[in-house]
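> My structure is in structure.txt, and what it holds is compact mmCIF, C-alpha atoms (C1' of nucleotides):
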# COMPACT_ATOMS: atom_id res chain seq x y z
CA MET U 25 -181.42 -112.10 -55.77
CA VAL U 26 -182.57 -110.68 -52.47
CA ILE U 27 -180.67 -111.91 -49.44
CA THR U 28 -181.68 -111.11 -45.90
CA ILE U 29 -179.74 -111.79 -42.71
CA ASP U 30 -181.44 -112.44 -39.39
CA GLY U 31 -178.98 -111.50 -36.68
CA SER U 32 -181.22 -112.99 -34.00
CA SER U 33 -181.47 -116.37 -35.71
CA ALA U 34 -180.06 -119.50 -34.15
CA ASP U 35 -178.40 -120.34 -37.46
CA PRO U 36 -175.02 -118.74 -38.05
CA ILE U 37 -174.88 -116.06 -40.70
CA TYR U 38 -172.84 -118.05 -43.20
CA LEU U 39 -175.41 -120.86 -43.12
CA GLN U 40 -178.25 -118.43 -43.68
CA LEU U 41 -176.36 -117.19 -46.71
CA ARG U 42 -175.73 -120.72 -47.90
CA GLY U 43 -179.39 -121.65 -47.59
CA GLN U 44 -180.60 -118.69 -49.56
CA ILE U 45 -178.07 -119.21 -52.32
CA ILE U 46 -179.02 -122.89 -52.56
CA SER U 47 -182.65 -121.84 -52.71
CA ALA U 48 -181.89 -119.42 -55.54
CA ILE U 49 -180.10 -122.14 -57.48
CA ALA U 50 -182.91 -124.60 -56.87
CA SER U 51 -185.55 -122.20 -58.15
CA GLY U 52 -183.56 -121.40 -61.24
CA GLU U 53 -183.08 -117.80 -60.23
CA LEU U 54 -179.38 -118.62 -60.45
CA SER U 55 -178.23 -120.90 -63.26
CA PRO U 56 -174.92 -122.65 -63.90
CA GLY U 57 -172.37 -120.10 -65.05
CA ASP U 58 -174.12 -117.14 -63.40
CA PRO U 59 -171.73 -114.95 -61.41
CA LEU U 60 -172.16 -114.19 -57.74
CA PRO U 61 -171.35 -110.87 -56.12
CA SER U 62 -167.83 -110.48 -54.85
CA VAL U 63 -167.39 -111.32 -51.20
CA ARG U 64 -166.56 -107.69 -50.51
CA SER U 65 -169.61 -106.20 -52.19
CA LEU U 66 -172.01 -108.73 -50.75
CA ALA U 67 -170.54 -108.33 -47.28
CA SER U 68 -170.85 -104.60 -47.64
CA ASP U 69 -174.47 -104.83 -48.82
CA LEU U 70 -175.41 -107.04 -45.89
CA GLY U 71 -173.36 -105.20 -43.33
CA ILE U 72 -171.35 -108.26 -42.31
CA ASN U 73 -167.71 -109.29 -42.37
CA LEU U 74 -166.21 -110.42 -45.67
CA HIS U 75 -164.87 -113.53 -43.93
CA THR U 76 -168.42 -114.59 -43.28
CA VAL U 77 -169.40 -114.32 -46.94
CA ASN U 78 -166.19 -116.05 -47.93
CA LYS U 79 -166.97 -118.92 -45.59
CA ALA U 80 -170.43 -119.33 -47.11
CA TYR U 81 -168.94 -119.38 -50.62
CA ALA U 82 -166.25 -121.85 -49.55
CA VAL U 83 -168.80 -124.24 -48.08
CA LEU U 84 -170.91 -124.00 -51.24
CA ARG U 85 -167.80 -124.71 -53.30
CA ASP U 86 -166.98 -127.79 -51.19
CA GLU U 87 -170.53 -128.99 -51.64
CA GLY U 88 -170.34 -128.57 -55.40
CA TYR U 89 -172.72 -125.63 -55.80
CA LEU U 90 -170.16 -122.97 -56.70
CA ILE U 91 -166.88 -122.62 -58.49
CA MET U 92 -164.47 -120.13 -56.97
CA ARG U 93 -161.85 -118.69 -59.27
CA GLY U 94 -160.07 -116.32 -56.96
CA ARG U 95 -160.06 -112.82 -58.41
CA ALA U 96 -162.34 -113.87 -61.26
CA GLY U 97 -165.17 -114.26 -58.78
CA ALA U 98 -167.51 -117.10 -57.92
CA VAL U 99 -169.98 -118.62 -60.36
CA VAL U 100 -172.69 -121.24 -60.07
CA ALA U 101 -171.13 -124.62 -60.82
CA ASP U 102 -171.68 -126.47 -64.06
CA ARG U 103 -172.94 -129.93 -63.13
CA GLY U 104 -170.94 -131.56 -65.89
CA LEU U 105 -167.60 -131.09 -64.17
CA ALA U 106 -166.17 -134.21 -62.61
CA SER U 107 -165.26 -132.54 -59.34
CA VAL U 108 -168.74 -131.10 -59.05
CA ARG U 109 -170.33 -134.46 -59.74
CA ARG U 110 -168.21 -136.04 -57.04
CA ALA U 111 -169.16 -133.37 -54.52
CA HIS U 112 -172.82 -133.73 -55.40
CA GLU U 113 -172.64 -137.47 -54.98
CA GLU U 114 -171.25 -136.95 -51.52
CA GLN U 115 -174.07 -134.53 -50.77
CA GLY U 116 -176.52 -137.11 -52.00
CA GLU U 117 -175.13 -139.67 -49.62
CA ARG U 118 -175.45 -137.21 -46.79
CA MET U 119 -179.05 -136.62 -47.78
CA VAL U 120 -179.79 -140.34 -47.71
CA GLU U 121 -178.25 -140.66 -44.29
CA THR U 122 -180.21 -137.69 -43.00
CA LEU U 123 -183.45 -139.06 -44.41
CA ARG U 124 -182.79 -142.35 -42.68
CA ARG U 125 -182.27 -140.64 -39.34
CA LEU U 126 -185.36 -138.51 -39.79
CA ALA U 127 -187.47 -141.54 -40.58
CA LEU U 128 -186.13 -143.45 -37.58
CA ALA U 129 -186.80 -140.57 -35.21
CA HIS U 130 -190.24 -140.15 -36.72
CA ARG U 131 -191.07 -143.77 -36.02
CA ALA U 132 -189.63 -143.53 -32.51
CA ARG U 133 -192.15 -140.75 -31.91
CA GLY U 134 -194.93 -143.08 -32.91
CA GLY U 135 -195.30 -141.69 -36.42
CA SER U 136 -196.41 -143.85 -39.33
CA TYR U 137 -194.82 -144.66 -42.65
CA GLU U 138 -197.57 -142.80 -44.48
CA GLU U 139 -197.17 -139.71 -42.35
CA PHE U 140 -193.49 -139.57 -43.15
CA MET U 141 -194.05 -139.92 -46.86
CA THR U 142 -196.75 -137.26 -46.76
CA GLU U 143 -194.37 -134.81 -45.14
CA ALA U 144 -191.63 -135.71 -47.60
CA ALA U 145 -193.99 -135.11 -50.50
CA ALA U 146 -195.03 -131.77 -49.05
CA ALA U 147 -191.40 -130.73 -48.74
CA ALA U 148 -190.68 -131.83 -52.30
CA ASP U 149 -193.78 -130.05 -53.60
CA ASP U 150 -192.57 -126.94 -51.88
CA ALA U 151 -189.03 -127.19 -53.23
CA PHE U 152 -190.16 -127.89 -56.78
CA ALA U 153 -193.03 -125.41 -56.77
CA GLN U 154 -191.28 -122.47 -58.41
CA ASP U 155 -191.01 -123.28 -62.09
CA GLU U 156 -187.57 -123.35 -63.54
CA GLY U 157 -188.36 -121.92 -66.93
CA ALA U 158 -190.34 -118.94 -65.70
CA ALA U 159 -187.46 -116.66 -64.74
CA PRO U 160 -184.96 -116.63 -67.58
CA ARG U 161 -183.71 -113.12 -67.10
CA GLY U 162 -186.10 -111.82 -64.49
CA GLU U 163 -185.66 -110.44 -61.06
CA GLU U 164 -187.87 -110.28 -57.97
CA ASN U 165 -189.70 -113.43 -57.05
CA MET F 14 -179.82 -153.40 -26.27
CA VAL F 15 -176.30 -153.43 -27.63
CA ILE F 16 -174.67 -150.03 -27.84
CA THR F 17 -171.37 -149.43 -29.54
CA ILE F 18 -169.27 -146.29 -29.50
CA ASP F 19 -167.02 -145.33 -32.38
CA GLY F 20 -164.28 -143.14 -30.98
CA SER F 21 -163.06 -142.27 -34.47
CA SER F 22 -166.47 -141.10 -35.66
CA ALA F 23 -167.11 -137.50 -36.61
CA ASP F 24 -170.28 -137.55 -34.51
CA PRO F 25 -169.80 -136.83 -30.82
CA ILE F 26 -170.28 -139.72 -28.42
CA TYR F 27 -173.47 -138.42 -26.86
CA LEU F 28 -175.10 -138.14 -30.28
CA GLN F 29 -174.05 -141.66 -31.19
CA LEU F 30 -175.74 -142.79 -28.00
CA ARG F 31 -178.82 -140.74 -28.81
CA GLY F 32 -179.09 -142.21 -32.29
CA GLN F 33 -178.85 -145.79 -31.11
CA ILE F 34 -181.42 -145.27 -28.37
CA ILE F 35 -183.81 -143.64 -30.84
CA SER F 36 -183.23 -146.57 -33.16
CA ALA F 37 -184.03 -149.01 -30.35
CA ILE F 38 -187.26 -147.16 -29.57
CA ALA F 39 -188.20 -147.02 -33.25
CA SER F 40 -187.71 -150.74 -33.69
CA GLY F 41 -189.73 -151.57 -30.60
CA GLU F 42 -186.74 -153.03 -28.81
CA LEU F 43 -187.47 -150.40 -26.20
CA SER F 44 -191.11 -149.67 -25.37
CA PRO F 45 -192.73 -146.87 -23.35
CA GLY F 46 -192.10 -147.48 -19.68
CA ASP F 47 -188.99 -149.58 -20.20
CA PRO F 48 -186.12 -148.53 -17.93
CA LEU F 49 -182.73 -147.48 -19.20
CA PRO F 50 -179.42 -148.28 -17.50
CA SER F 51 -178.18 -145.81 -14.92
CA VAL F 52 -175.83 -143.25 -16.32
CA ARG F 53 -173.01 -144.68 -14.27
CA SER F 54 -173.44 -148.30 -15.29
CA LEU F 55 -173.86 -147.47 -18.96
CA ALA F 56 -170.88 -145.12 -18.86
CA SER F 57 -168.85 -147.83 -17.18
CA ASP F 58 -169.91 -150.44 -19.74
CA LEU F 59 -168.94 -148.17 -22.61
CA GLY F 60 -165.79 -146.86 -21.00
CA ILE F 61 -166.90 -143.24 -21.11
CA ASN F 62 -167.72 -140.54 -18.59
CA LEU F 63 -171.08 -140.52 -16.83
CA HIS F 64 -171.62 -136.95 -17.96
CA THR F 65 -171.56 -138.03 -21.55
CA VAL F 66 -174.32 -140.57 -20.95
CA ASN F 67 -176.21 -138.05 -18.88
CA LYS F 68 -176.03 -135.55 -21.71
CA ALA F 69 -177.43 -138.08 -24.17
CA TYR F 70 -180.30 -138.85 -21.78
CA ALA F 71 -180.94 -135.15 -21.24
CA VAL F 72 -181.29 -134.35 -24.93
CA LEU F 73 -183.53 -137.39 -25.38
CA ARG F 74 -185.65 -136.08 -22.54
CA ASP F 75 -185.83 -132.62 -24.12
CA GLU F 76 -186.86 -134.21 -27.40
CA GLY F 77 -189.61 -136.20 -25.71
CA TYR F 78 -188.14 -139.69 -26.01
CA LEU F 79 -187.29 -140.26 -22.34
CA ILE F 80 -188.57 -139.37 -18.92
CA MET F 81 -185.90 -138.71 -16.30
CA ARG F 82 -186.91 -139.13 -12.68
CA GLY F 83 -183.69 -138.36 -10.93
CA ARG F 84 -182.50 -141.28 -8.87
CA ALA F 85 -185.41 -143.42 -9.98
CA GLY F 86 -183.73 -143.72 -13.33
CA ALA F 87 -184.74 -142.91 -16.89
CA VAL F 88 -187.58 -144.66 -18.73
CA VAL F 89 -188.87 -144.52 -22.31
CA ALA F 90 -191.53 -141.83 -22.46
CA ASP F 91 -195.21 -142.56 -22.68
CA ARG F 92 -196.55 -140.72 -25.70
CA GLY F 93 -199.76 -139.85 -23.93
CA LEU F 94 -198.16 -137.26 -21.67
CA ALA F 95 -198.84 -133.68 -22.63
CA SER F 96 -195.24 -132.57 -22.25
CA VAL F 97 -194.09 -135.45 -24.41
CA ARG F 98 -196.62 -134.62 -27.08
CA ARG F 99 -195.47 -131.03 -27.11
CA ALA F 100 -191.83 -132.06 -27.46
CA HIS F 101 -192.69 -134.48 -30.24
CA GLU F 102 -194.63 -131.81 -32.08
CA GLU F 103 -191.61 -129.59 -31.95
CA GLN F 104 -189.49 -132.42 -33.29
CA GLY F 105 -191.99 -132.91 -36.06
CA GLU F 106 -191.68 -129.27 -37.06
CA ARG F 107 -187.93 -129.63 -37.13
CA MET F 108 -188.30 -132.66 -39.36
CA VAL F 109 -190.49 -130.75 -41.80
CA GLU F 110 -187.99 -127.93 -41.95
CA THR F 111 -185.12 -130.35 -42.52
CA LEU F 112 -187.05 -132.12 -45.27
CA ARG F 113 -187.66 -128.82 -46.97
CA ARG F 114 -183.97 -127.95 -46.89
CA LEU F 115 -182.99 -131.39 -48.16
CA ALA F 116 -185.42 -131.15 -51.05
CA LEU F 117 -184.22 -127.68 -51.98
CA ALA F 118 -180.57 -128.74 -51.94
CA HIS F 119 -181.46 -131.83 -53.93
CA ARG F 120 -183.08 -129.71 -56.62
CA ALA F 121 -180.15 -127.28 -56.60
CA ARG F 122 -177.94 -130.25 -57.44
CA GLY F 123 -180.09 -130.96 -60.46
CA GLY F 124 -182.03 -133.76 -58.84
CA SER F 125 -185.64 -134.53 -59.75
CA TYR F 126 -188.81 -134.68 -57.69
CA GLU F 127 -189.09 -138.40 -58.31
CA GLU F 128 -185.52 -139.05 -57.23
CA PHE F 129 -186.13 -137.29 -53.96
CA MET F 130 -189.30 -139.23 -53.25
CA THR F 131 -187.56 -142.48 -54.13
CA GLU F 132 -184.82 -141.78 -51.61
CA ALA F 133 -187.37 -140.76 -48.99
CA ALA F 134 -189.28 -143.98 -49.53
CA ALA F 135 -186.07 -145.99 -49.24
CA ALA F 136 -185.26 -144.28 -45.95
CA ALA F 137 -188.77 -144.92 -44.66
CA ASP F 138 -188.66 -148.54 -45.79
CA ASP F 139 -185.43 -148.90 -43.89
CA ALA F 140 -186.72 -147.26 -40.74
CA PHE F 141 -189.94 -149.26 -40.73
CA ALA F 142 -188.34 -152.52 -41.78
CA GLN F 143 -187.93 -154.15 -38.39
CA ASP F 144 -191.39 -155.29 -37.43
CA GLU F 145 -192.76 -153.99 -34.22
CA GLY F 146 -194.63 -157.15 -33.31
CA ALA F 147 -191.47 -159.24 -33.22
CA ALA F 148 -190.20 -157.60 -30.05
CA PRO F 149 -190.91 -159.24 -26.69
CA ARG F 150 -193.32 -156.54 -25.62
CA GLY F 151 -194.38 -154.56 -28.64
CA GLU F 152 -197.71 -152.91 -29.15
CA GLU F 153 -199.28 -149.42 -28.93
CA ASN F 154 -200.16 -147.01 -31.74
C1' DG R 16 -182.94 -147.98 15.33
C1' DT R 17 -177.99 -146.71 14.33
C1' DG R 18 -174.06 -146.21 11.69
C1' DT R 19 -171.69 -147.23 7.58
C1' DA R 20 -171.06 -148.21 2.85
C1' DT R 21 -172.99 -148.08 -1.73
C1' DT R 22 -175.52 -146.22 -5.50
C1' DT R 23 -177.89 -142.61 -7.66
C1' DG R 24 -178.17 -138.12 -10.32
C1' DT R 25 -176.47 -133.35 -9.77
C1' DT R 26 -173.29 -129.41 -9.23
C1' DC R 27 -169.10 -127.20 -10.04
C1' DG R 28 -164.84 -126.69 -12.23
C1' DT R 29 -161.45 -127.69 -16.04
C1' DA R 30 -159.11 -128.93 -20.29
C1' DT R 31 -159.29 -129.08 -25.09
C1' DG R 32 -160.82 -128.38 -29.48
C1' DT R 33 -163.94 -126.31 -32.89
C1' DA R 34 -166.93 -122.59 -34.74
C1' DT R 35 -167.88 -118.12 -35.80
C1' DT R 36 -166.83 -113.71 -37.06
C1' DT Q 9 -154.47 -114.46 -38.49
C1' DA Q 10 -156.71 -113.67 -34.08
C1' DA Q 11 -160.43 -113.09 -30.68
C1' DT Q 12 -164.19 -114.78 -28.74
C1' DA Q 13 -167.62 -117.90 -27.89
C1' DC Q 14 -169.43 -122.48 -27.75
C1' DA Q 15 -169.18 -127.65 -27.73
C1' DT Q 16 -167.44 -131.76 -26.04
C1' DA Q 17 -165.68 -134.73 -22.60
C1' DC Q 18 -163.88 -135.45 -18.27
C1' DG Q 19 -162.87 -135.42 -12.94
C1' DA Q 20 -163.78 -134.46 -8.04
C1' DA Q 21 -166.98 -133.69 -4.80
C1' DC Q 22 -171.84 -133.35 -3.32
C1' DA Q 23 -176.56 -134.67 -1.28
C1' DA Q 24 -180.13 -137.91 -1.10
C1' DA Q 25 -181.87 -142.54 -1.26
C1' DT Q 26 -180.98 -147.44 -0.42
C1' DA Q 27 -178.94 -151.69 1.63
C1' DC Q 28 -177.26 -153.99 5.29
C1' DA Q 29 -174.65 -155.50 9.28
Before we go any further, please render this structure as structure tokens.


Amino acid sequence: MVITIDGSSADPIYLQLRGQIISAIASGELSPGDPLPSVRSLASDLGINLHTVNKAYAVLRDEGYLIMRGRAGAVVADRGLASVRRAHEEQGERMVETLRRLALAHRARGGSYEEFMTEAAAAADDAFAQDEGAAPRGEEN
Amino acid sequence: MVITIDGSSADPIYLQLRGQIISAIASGELSPGDPLPSVRSLASDLGINLHTVNKAYAVLRDEGYLIMRGRAGAVVADRGLASVRRAHEEQGERMVETLRRLALAHRARGGSYEEFMTEAAAAADDAFAQDEGAAPRGEEN
DNA sequence: GTGTATTTGTTCGTATGTATT
DNA sequence: TAATACATACGAACAAATACA
């Protein structure tokens, strides 16, 4: 699980962290139950403040991607939990709303229905490209 | 062109304005060349500050949806203009990036490829539902 | 034509809250 | 918790164009 921080990016650090952790979960590099580094160690590794890592973890918890157990550390959430399901549903609704806005803006630019769907398919292809079963216990991707 | 402001919304006023104007352009209710209300009159109608309207217009200009000609007022941008094309291309790249992030998060939640594409199609259906030819002066493309 | 009032977007400053670290 | 920066919304005043008596 290699994480890199771009200090010159427009995105705040905690969102960069969030994105890369989500990406790792999506690809299967991190599976439900897997532990994450402590906020202190990760902050130290990346050379950033522990508050920043903590914020990223907290956001991921609110969105249903992580479970935070205080001193016991953070782990990737099990999707069976009711609270996690609820959070994921909320995220799903956000996604729908965002898709709607994207499609509207696309049309306002003169784009076509087919163009939009082509781009959506490309994004999905990209996100689902890395095979889930390939990295059971591996590192380095 | 009915615009409504929700003061209790989480979205800032100028973004609510932006969204509704984009929606009007997408549906063909507003066509390239059509004039928009002056910032003062629209602000007065909505009971908000002229700066807030001006900000909405300014971001829409930056994104290539409007042309602002100072005192001559703002009009819906003609998509043939080079500067507009450039802005729209940039918006398109943003859309692709957002789609990628949405798809990744969707998969991290345990969602499937097909689910994502179904939601994307629903959003596109929604955005392209209102037929362009029904508007008083709709054409182009 | 001249002077005045009106309308336009812009400039500058301010208050308040939120975000980020 | 606190510091610092940024975002949001507003108000007063400005300069230029327009309308009109």

> Could the residues of chain U within 12 Å of chain R, counting only C-alpha atoms (C1' of nucleotides), be given as a ChimeraX atom specification, please?

/U:35-39,72-80

> Give me the least-squares superposed chain U (reference chain F; all C-alpha atoms paired in order) as a tab-separated table (two decimals) with C-alpha atoms, in the coordinates of the input.


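See superposed_17.tsv below for the written result:
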chain	number	residue	atom	x	y	z
U	25	MET	CA	-180.96	-153.36	-26.31
U	26	VAL	CA	-177.47	-153.56	-27.72
U	27	ILE	CA	-175.62	-150.27	-27.91
U	28	THR	CA	-172.27	-149.87	-29.60
U	29	ILE	CA	-169.98	-146.85	-29.55
U	30	ASP	CA	-167.65	-146.01	-32.41
U	31	GLY	CA	-164.82	-143.95	-30.98
U	32	SER	CA	-163.51	-143.16	-34.46
U	33	SER	CA	-166.84	-141.82	-35.70
U	34	ALA	CA	-167.29	-138.20	-36.68
U	35	ASP	CA	-170.45	-138.08	-34.58
U	36	PRO	CA	-169.94	-137.34	-30.90
U	37	ILE	CA	-170.61	-140.19	-28.52
U	38	TYR	CA	-173.74	-138.71	-26.97
U	39	LEU	CA	-175.33	-138.38	-30.42
U	40	GLN	CA	-174.49	-141.96	-31.27
U	41	LEU	CA	-176.24	-142.96	-28.07
U	42	ARG	CA	-179.20	-140.75	-28.87
U	43	GLY	CA	-179.57	-142.23	-32.34
U	44	GLN	CA	-179.55	-145.79	-31.14
U	45	ILE	CA	-182.05	-145.10	-28.39
U	46	ILE	CA	-184.35	-143.35	-30.86
U	47	SER	CA	-183.98	-146.32	-33.17
U	48	ALA	CA	-184.92	-148.69	-30.36
U	49	ILE	CA	-188.01	-146.65	-29.58
U	50	ALA	CA	-188.97	-146.46	-33.23
U	51	SER	CA	-188.74	-150.22	-33.68
U	52	GLY	CA	-190.78	-150.88	-30.60
U	53	GLU	CA	-187.90	-152.54	-28.82
U	54	LEU	CA	-188.45	-149.84	-26.20
U	55	SER	CA	-192.03	-148.85	-25.40
U	56	PRO	CA	-193.46	-145.95	-23.40
U	57	GLY	CA	-192.90	-146.59	-19.71
U	58	ASP	CA	-189.91	-148.90	-20.24
U	59	PRO	CA	-186.97	-148.03	-17.99
U	60	LEU	CA	-183.53	-147.20	-19.28
U	61	PRO	CA	-180.29	-148.20	-17.60
U	62	SER	CA	-178.94	-145.76	-15.07
U	63	VAL	CA	-176.39	-143.34	-16.46
U	64	ARG	CA	-173.75	-144.94	-14.27
U	65	SER	CA	-174.37	-148.52	-15.35
U	66	LEU	CA	-174.68	-147.68	-19.01
U	67	ALA	CA	-171.55	-145.54	-18.90
U	68	SER	CA	-169.75	-148.35	-17.19
U	69	ASP	CA	-170.94	-150.92	-19.75
U	70	LEU	CA	-169.80	-148.75	-22.63
U	71	GLY	CA	-166.60	-147.61	-21.03
U	72	ILE	CA	-167.44	-143.91	-21.31
U	73	ASN	CA	-167.97	-141.04	-18.90
U	74	LEU	CA	-171.29	-140.81	-17.08
U	75	HIS	CA	-171.59	-137.18	-18.17
U	76	THR	CA	-171.74	-138.35	-21.74
U	77	VAL	CA	-174.63	-140.72	-21.06
U	78	ASN	CA	-176.34	-138.05	-19.01
U	79	LYS	CA	-176.06	-135.61	-21.88
U	80	ALA	CA	-177.63	-138.10	-24.28
U	81	TYR	CA	-180.51	-138.69	-21.85
U	82	ALA	CA	-180.96	-134.95	-21.32
U	83	VAL	CA	-181.16	-134.28	-25.04
U	84	LEU	CA	-183.69	-137.10	-25.45
U	85	ARG	CA	-185.71	-135.63	-22.59
U	86	ASP	CA	-185.69	-132.17	-24.22
U	87	GLU	CA	-186.83	-133.74	-27.46
U	88	GLY	CA	-189.69	-135.54	-25.74
U	89	TYR	CA	-188.41	-139.11	-26.04
U	90	LEU	CA	-187.59	-139.71	-22.38
U	91	ILE	CA	-188.78	-138.72	-18.96
U	92	MET	CA	-186.06	-138.24	-16.38
U	93	ARG	CA	-187.07	-138.60	-12.76
U	94	GLY	CA	-183.78	-138.08	-11.02
U	95	ARG	CA	-183.00	-141.03	-8.78
U	96	ALA	CA	-186.00	-142.97	-10.07
U	97	GLY	CA	-184.25	-143.35	-13.40
U	98	ALA	CA	-185.20	-142.52	-16.96
U	99	VAL	CA	-188.14	-144.08	-18.78
U	100	VAL	CA	-189.45	-143.86	-22.32
U	101	ALA	CA	-191.94	-141.00	-22.47
U	102	ASP	CA	-195.67	-141.52	-22.65
U	103	ARG	CA	-196.89	-139.59	-25.68
U	104	GLY	CA	-200.04	-138.49	-23.90
U	105	LEU	CA	-198.27	-136.02	-21.64
U	106	ALA	CA	-198.71	-132.40	-22.60
U	107	SER	CA	-195.05	-131.53	-22.24
U	108	VAL	CA	-194.08	-134.48	-24.40
U	109	ARG	CA	-196.59	-133.52	-27.06
U	110	ARG	CA	-195.21	-130.00	-27.13
U	111	ALA	CA	-191.65	-131.25	-27.48
U	112	HIS	CA	-192.67	-133.63	-30.24
U	113	GLU	CA	-194.43	-130.85	-32.08
U	114	GLU	CA	-191.25	-128.84	-31.98
U	115	GLN	CA	-189.34	-131.84	-33.30
U	116	GLY	CA	-191.87	-132.16	-36.06
U	117	GLU	CA	-191.32	-128.58	-37.07
U	118	ARG	CA	-187.61	-129.17	-37.14
U	119	MET	CA	-188.18	-132.18	-39.35
U	120	VAL	CA	-190.25	-130.14	-41.79
U	121	GLU	CA	-187.57	-127.50	-41.96
U	122	THR	CA	-184.88	-130.09	-42.52
U	123	LEU	CA	-186.90	-131.77	-45.25
U	124	ARG	CA	-187.31	-128.44	-46.97
U	125	ARG	CA	-183.58	-127.80	-46.93
U	126	LEU	CA	-182.83	-131.29	-48.17
U	127	ALA	CA	-185.24	-130.91	-51.04
U	128	LEU	CA	-183.82	-127.52	-52.00
U	129	ALA	CA	-180.25	-128.80	-51.98
U	130	HIS	CA	-181.35	-131.83	-53.95
U	131	ARG	CA	-182.84	-129.63	-56.64
U	132	ALA	CA	-179.77	-127.39	-56.65
U	133	ARG	CA	-177.77	-130.50	-57.50
U	134	GLY	CA	-179.98	-131.08	-60.48
U	135	GLY	CA	-182.10	-133.76	-58.83
U	136	SER	CA	-185.75	-134.27	-59.72
U	137	TYR	CA	-188.90	-134.22	-57.65
U	138	GLU	CA	-189.43	-137.92	-58.26
U	139	GLU	CA	-185.92	-138.80	-57.20
U	140	PHE	CA	-186.40	-137.00	-53.92
U	141	MET	CA	-189.67	-138.72	-53.20
U	142	THR	CA	-188.16	-142.09	-54.07
U	143	GLU	CA	-185.37	-141.56	-51.56
U	144	ALA	CA	-187.84	-140.36	-48.95
U	145	ALA	CA	-189.95	-143.46	-49.47
U	146	ALA	CA	-186.89	-145.68	-49.18
U	147	ALA	CA	-185.96	-144.02	-45.91
U	148	ALA	CA	-189.50	-144.41	-44.59
U	149	ASP	CA	-189.64	-148.04	-45.71
U	150	ASP	CA	-186.43	-148.62	-43.84
U	151	ALA	CA	-187.60	-146.88	-40.67
U	152	PHE	CA	-190.95	-148.65	-40.63
U	153	ALA	CA	-189.61	-152.04	-41.69
U	154	GLN	CA	-189.25	-153.64	-38.27
U	155	ASP	CA	-192.74	-154.54	-37.12
U	156	GLU	CA	-193.88	-153.03	-33.90
U	157	GLY	CA	-195.89	-155.94	-32.60
U	158	ALA	CA	-193.24	-158.59	-33.16
U	159	ALA	CA	-191.09	-157.92	-30.10
U	160	PRO	CA	-193.35	-157.66	-27.08
U	161	ARG	CA	-190.93	-159.02	-24.54
U	162	GLY	CA	-188.11	-160.20	-26.74
U	163	GLU	CA	-184.49	-159.35	-26.95
U	164	GLU	CA	-181.91	-159.45	-29.74
U	165	ASN	CA	-182.98	-158.08	-33.07

> Select all residues from chain Q having any atom no more than 8 Å from an atom of chain F (counting only C-alpha atoms (C1' of nucleotides), ignoring ligands), output as a ChimeraX atom specification.

/Q:16-18,25

> Mind giving me the straight-line distance from CA of Arg110 in chain U to CA of Arg42 in chain U in Å, one decimal?

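CA of Arg42 in chain U lies 19.4 Å from CA of Arg110 in chain U.
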
> With a cut-off of 6 Å, could you pull out the residues of chain F touching chain U and give me the nearest pair of atoms for each, distance in Å to one decimal, using all atoms listed in the file, ordered by chain and ascending number, as a Markdown table?


| residue | atom | partner | partner_atom | distance |
| --- | --- | --- | --- | --- |
| F:Ile38 | CA | U:Ala132 | CA | 5.2 |
| F:Ala39 | CA | U:Ala132 | CA | 3.8 |
| F:Leu112 | CA | U:Ala147 | CA | 5.7 |
| F:Arg113 | CA | U:Ala147 | CA | 4.6 |
| F:Ala116 | CA | U:Ala148 | CA | 5.4 |
| F:Leu117 | CA | U:Ala151 | CA | 5.0 |
| F:Arg120 | CA | U:Ala50 | CA | 5.1 |
| F:Ala121 | CA | U:Ala50 | CA | 3.9 |
| F:Ala136 | CA | U:Arg124 | CA | 4.5 |
| F:Ala137 | CA | U:Ala127 | CA | 5.5 |
| F:Ala140 | CA | U:Leu128 | CA | 5.0 |

> Could you save those same residues with C-alpha atoms as an mmCIF file, in the frame of the given file?


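New file out-v4.cif:
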data_model
loop_
_atom_site.group_PDB
_atom_site.id
_atom_site.type_symbol
_atom_site.label_atom_id
_atom_site.label_comp_id
_atom_site.auth_asym_id
_atom_site.auth_seq_id
_atom_site.Cartn_x
_atom_site.Cartn_y
_atom_site.Cartn_z
ATOM 1 C CA ILE F 38 -187.260 -147.160 -29.570
ATOM 2 C CA ALA F 39 -188.200 -147.020 -33.250
ATOM 3 C CA LEU F 112 -187.050 -132.120 -45.270
ATOM 4 C CA ARG F 113 -187.660 -128.820 -46.970
ATOM 5 C CA ALA F 116 -185.420 -131.150 -51.050
ATOM 6 C CA LEU F 117 -184.220 -127.680 -51.980
ATOM 7 C CA ARG F 120 -183.080 -129.710 -56.620
ATOM 8 C CA ALA F 121 -180.150 -127.280 -56.600
ATOM 9 C CA ALA F 136 -185.260 -144.280 -45.950
ATOM 10 C CA ALA F 137 -188.770 -144.920 -44.660
ATOM 11 C CA ALA F 140 -186.720 -147.260 -40.740
#

> Quick one: pull the distance between CA of Ala98 in chain U and CA of Glu53 in chain U, Å, one decimal.

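For CA of Ala98 in chain U relative to CA of Glu53 in chain U, the distance reads 15.8 Å.
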
> Show me, as JSON, the centre and edge lengths in Å to one decimal of the axis-aligned box that covers every listed atom of range 37-40 of chain F with 6 Å on each side.


{"center_x": -186.1, "center_y": -148.9, "center_z": -31.6, "size_x": 16.2, "size_y": 15.7, "size_z": 16.1}

> For the atom pair CA of Ser107 in chain U and CA of Gly94 in chain U, what is the interatomic distance in Å to one decimal place?

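Interatomic distance here is 17.2 Å.
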
> Take range 10-18 of chain Q from the block and save it with C-alpha atoms (C1' of nucleotides), as a CSV table (one decimal), in the first residue's frame.


chain,number,residue,atom,x,y,z
Q,10,DA,C1',-5.8,27.0,18.0
Q,11,DA,C1',-3.9,29.4,13.9
Q,12,DT,C1',-4.2,30.4,9.5
Q,13,DA,C1',-6.2,30.6,5.2
Q,14,DC,C1',-10.1,30.5,2.2
Q,15,DA,C1',-15.1,30.8,1.0
Q,16,DT,C1',-19.3,33.0,1.0
Q,17,DA,C1',-22.3,36.9,1.1
Q,18,DC,C1',-23.0,41.6,1.7
